[in-house]
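Have a look at the structure below, then the notes.
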Amino acid sequence: MKMLGAIMVALGILMVLGVGADFADYTASRSAHIAVVADDQELIDLTPMQPYAYIDDRGVLVIDFSANNPNYQNESLNPGWWGIGISPDSRYNFNDVFNVSNDLWDNVTILVTISSSNPFVELYTHNEESLEGAWSSDSALQEISFYVYPGGEVSVGMHLMGWANDAGDWLNGTLTIHAEPADNGG
Amino acid sequence: MGVKMYKKGLTTIFVIVLIILILLTGTGVYTQGDGDVNLIYELIPNSPYSYINDSGKLEINITPENPLYDGGVAPDSIHVIDSLFSVKNVNNSSGVYEFTVSVQEAGVLLYSPGDISHSSSNTASNIITFILSPGEEANIGMVIDTSEYSAGDLIEDIVSISVTQPT
C-alpha cells in the first residue's frame, strides 16, 4: 500500500505539471536596441562629397550653397576665395555632391529613388546609373532612380537653375530618398 | 520483508522522478542552445538585425554593438524591416493560440501578415495580434520612424509577446 501511495503521489505531481504546462502564462519580454546615427553612418549612407554638403548637428545631410554653410570660408577646404551663392540667370552643375551607399546587413541590391521638392533643383548621376537616363547635368531630372549593389556607392550631382530667380532669392527644397530591395515589384 | 518493500518503494519513486525530468526536457522547456523556445511558441530571428543572445533570448539589435554588423538608422528616416523575426506555434498538442506582440517606444511599430488590421508597413501598429495553429509561423516586421530623434539617440524598446487561448 505504501508503494501504491508513492506512485499515486508521483502521478499527482505529473498531472499537476502537465496541467500547469498548458495553462501557464507565456508572456515574454525581449529587448530591442536601435541606434540613431548620422546620415553617413547609416545602413544606407548619405555621404557628403563636397564642402557644399555636410552633416548637421542632428546627423542629417544638408546641402547648402550659401554663406550659411559651416564650410564657408574654411581655409583648409577652399583657400583664398569663397562664393556666397549662385548668380541669377545662371545654371550651375555640381558633380558628386553626395554619395548613396548600400551598407545594409541583408546583402541585397537596393533601388534608390531621389526626388527634389524644388523644380529648379535637378539631379543626375555619373556612369549611367540613373534608370531615367539622367546621366549628366544636361539630362538632369527632378526625380532619379538607380540601383546600388551590396557594398556599392553611387554619386549624385545637382543641377541648379538660377535663371528663374533674382539675386536675394533662395532655392529651398527637400530631397526625399527612398530605397527598397531591388526585387520588390521588379 | 518490510525492509524489502521499503527499498522497492524508493526505487519506484526514483524511476518516476526520472520520467518527470525527461518529460520536462523533452518538451523543450527552456533548454539551452535550442533558441528562444517554450512549450507554446518559438521566437525565430529572421534577419541580421535579430539573433538569439547568450541568455538564449531573442534580441533585436540595430546598433554598432550588434556582434555581427555595424551601423544604425539616420534621423528623419523611416526604415521598414520585413520579417525581423517570426513567432511559431510549437505546441505538440492541438492548441490553437492567439498571440499579442507589442512595443512601447515612439517611432517603433510592428506589422504581420497574420494580423488583418496590421498586415503591412502602411498599417503598422504598436500592438498586433494573430492566431496560430500548431506548426504555423507568423513573420513580424518593424517600422522605425526617426523623425523625433537625432544622431546619438538610442531607442531602447521592449517587445512583449503574450499568448491566450482564442474564445
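We label chains A, B, ... in the order they appear in the C-alpha cells, count residues from 1 in each chain, and number ligands from 1 in the order shown.
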Region 150-153 of chain B surroundings by only C-alpha atoms, 8 Å radius, close-in-sequence under 6 positions cut, as a VMD selection string: (chain A and resid 35 to 38 57 to 59) or (chain B and resid 74 to 75)
Per residue of chain A within 7 Å of chain B, record the nearest atom pair and its distance in Å to one decimal, counting only C-alpha atoms, with rows in chain order and ascending residue number, as a Markdown table.
```
| residue | atom | partner | partner_atom | distance |
| --- | --- | --- | --- | --- |
| A:Met3 | CA | B:Gly9 | CA | 4.9 |
| A:Ala6 | CA | B:Ile13 | CA | 6.5 |
| A:Ile7 | CA | B:Ile13 | CA | 6.7 |
| A:Ala10 | CA | B:Ile16 | CA | 6.6 |
| A:Leu14 | CA | B:Ile20 | CA | 6.7 |
| A:Tyr26 | CA | B:Ser162 | CA | 5.8 |
| A:Thr27 | CA | B:Ser162 | CA | 4.1 |
| A:Ala28 | CA | B:Ile161 | CA | 5.1 |
| A:Ser29 | CA | B:Ser160 | CA | 4.4 |
| A:Arg30 | CA | B:Val159 | CA | 5.0 |
| A:Ser31 | CA | B:Ile158 | CA | 4.7 |
| A:Ala32 | CA | B:Ile60 | CA | 4.4 |
| A:His33 | CA | B:Asn61 | CA | 4.8 |
| A:Ile34 | CA | B:Ile62 | CA | 4.7 |
| A:Ala35 | CA | B:Leu154 | CA | 4.6 |
| A:Val36 | CA | B:Ala151 | CA | 4.9 |
| A:Val37 | CA | B:Ala151 | CA | 4.3 |
| A:Ala38 | CA | B:Ala151 | CA | 5.1 |
| A:Asp39 | CA | B:Ala74 | CA | 5.2 |
| A:Gln41 | CA | B:Gly71 | CA | 6.0 |
| A:Glu42 | CA | B:Val73 | CA | 5.3 |
| A:Leu43 | CA | B:Gly71 | CA | 5.9 |
| A:Arg58 | CA | B:Ser150 | CA | 4.9 |
| A:Gly59 | CA | B:Ala151 | CA | 4.9 |
| A:Val60 | CA | B:Pro75 | CA | 6.4 |
| A:Trp105 | CA | B:Pro48 | CA | 6.0 |
| A:Asp106 | CA | B:Pro48 | CA | 6.4 |
```
File dump, residues just selected, C-alpha atoms, as a PDB file, in the first residue's frame:
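Writing done, so here's result.pdb:
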```pdb
ATOM      1  CA  MET A   3       4.273   1.719  -2.699  1.00  0.00           C
ATOM      2  CA  ALA A   6       4.054   6.680  -3.555  1.00  0.00           C
ATOM      3  CA  ILE A   7       3.061   6.008  -7.151  1.00  0.00           C
ATOM      4  CA  ALA A  10       4.149  10.748  -8.233  1.00  0.00           C
ATOM      5  CA  LEU A  14       2.925  14.531 -13.110  1.00  0.00           C
ATOM      6  CA  TYR A  26       3.655  32.601 -21.541  1.00  0.00           C
ATOM      7  CA  THR A  27       4.214  36.329 -21.570  1.00  0.00           C
ATOM      8  CA  ALA A  28       7.758  37.168 -22.591  1.00  0.00           C
ATOM      9  CA  SER A  29       9.641  40.442 -22.872  1.00  0.00           C
ATOM     10  CA  ARG A  30      12.511  40.802 -25.273  1.00  0.00           C
ATOM     11  CA  SER A  31      14.795  43.779 -25.739  1.00  0.00           C
ATOM     12  CA  ALA A  32      15.260  45.862 -28.871  1.00  0.00           C
ATOM     13  CA  HIS A  33      18.124  48.331 -29.259  1.00  0.00           C
ATOM     14  CA  ILE A  34      18.110  50.784 -32.153  1.00  0.00           C
ATOM     15  CA  ALA A  35      20.893  53.333 -32.569  1.00  0.00           C
ATOM     16  CA  VAL A  36      20.130  56.624 -34.301  1.00  0.00           C
ATOM     17  CA  VAL A  37      23.263  57.595 -36.206  1.00  0.00           C
ATOM     18  CA  ALA A  38      24.343  60.292 -38.644  1.00  0.00           C
ATOM     19  CA  ASP A  39      23.414  60.003 -42.331  1.00  0.00           C
ATOM     20  CA  GLN A  41      26.952  56.034 -40.814  1.00  0.00           C
ATOM     21  CA  GLU A  42      23.532  54.773 -41.838  1.00  0.00           C
ATOM     22  CA  LEU A  43      22.654  51.369 -43.244  1.00  0.00           C
ATOM     23  CA  ARG A  58      21.294  66.335 -35.756  1.00  0.00           C
ATOM     24  CA  GLY A  59      23.107  63.946 -38.075  1.00  0.00           C
ATOM     25  CA  VAL A  60      21.173  64.930 -41.226  1.00  0.00           C
ATOM     26  CA  TRP A 105      23.209  43.878 -43.382  1.00  0.00           C
ATOM     27  CA  ASP A 106      20.891  41.863 -45.601  1.00  0.00           C
TER      28      ASP A 106
END
```
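Of note, CA of Ser83 (chain B) and CA of Thr113 (chain A) are spaced 22.9 Å apart.
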Pick from A:Phe120, A:Phe94, A:Phe146, A:Trp135, whichever lies nearest to Met158 (chain A) using only C-alpha atoms: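 Once distances to Met158 (chain A) are computed over only C-alpha atoms, the minimum belongs to A:Phe94.
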Selection: 8 Å around Thr176 (chain A), only C-alpha atoms, excl. self and same-chain fewer than 2 positions, as a ChimeraX atom specification: /A:113-117,174,178
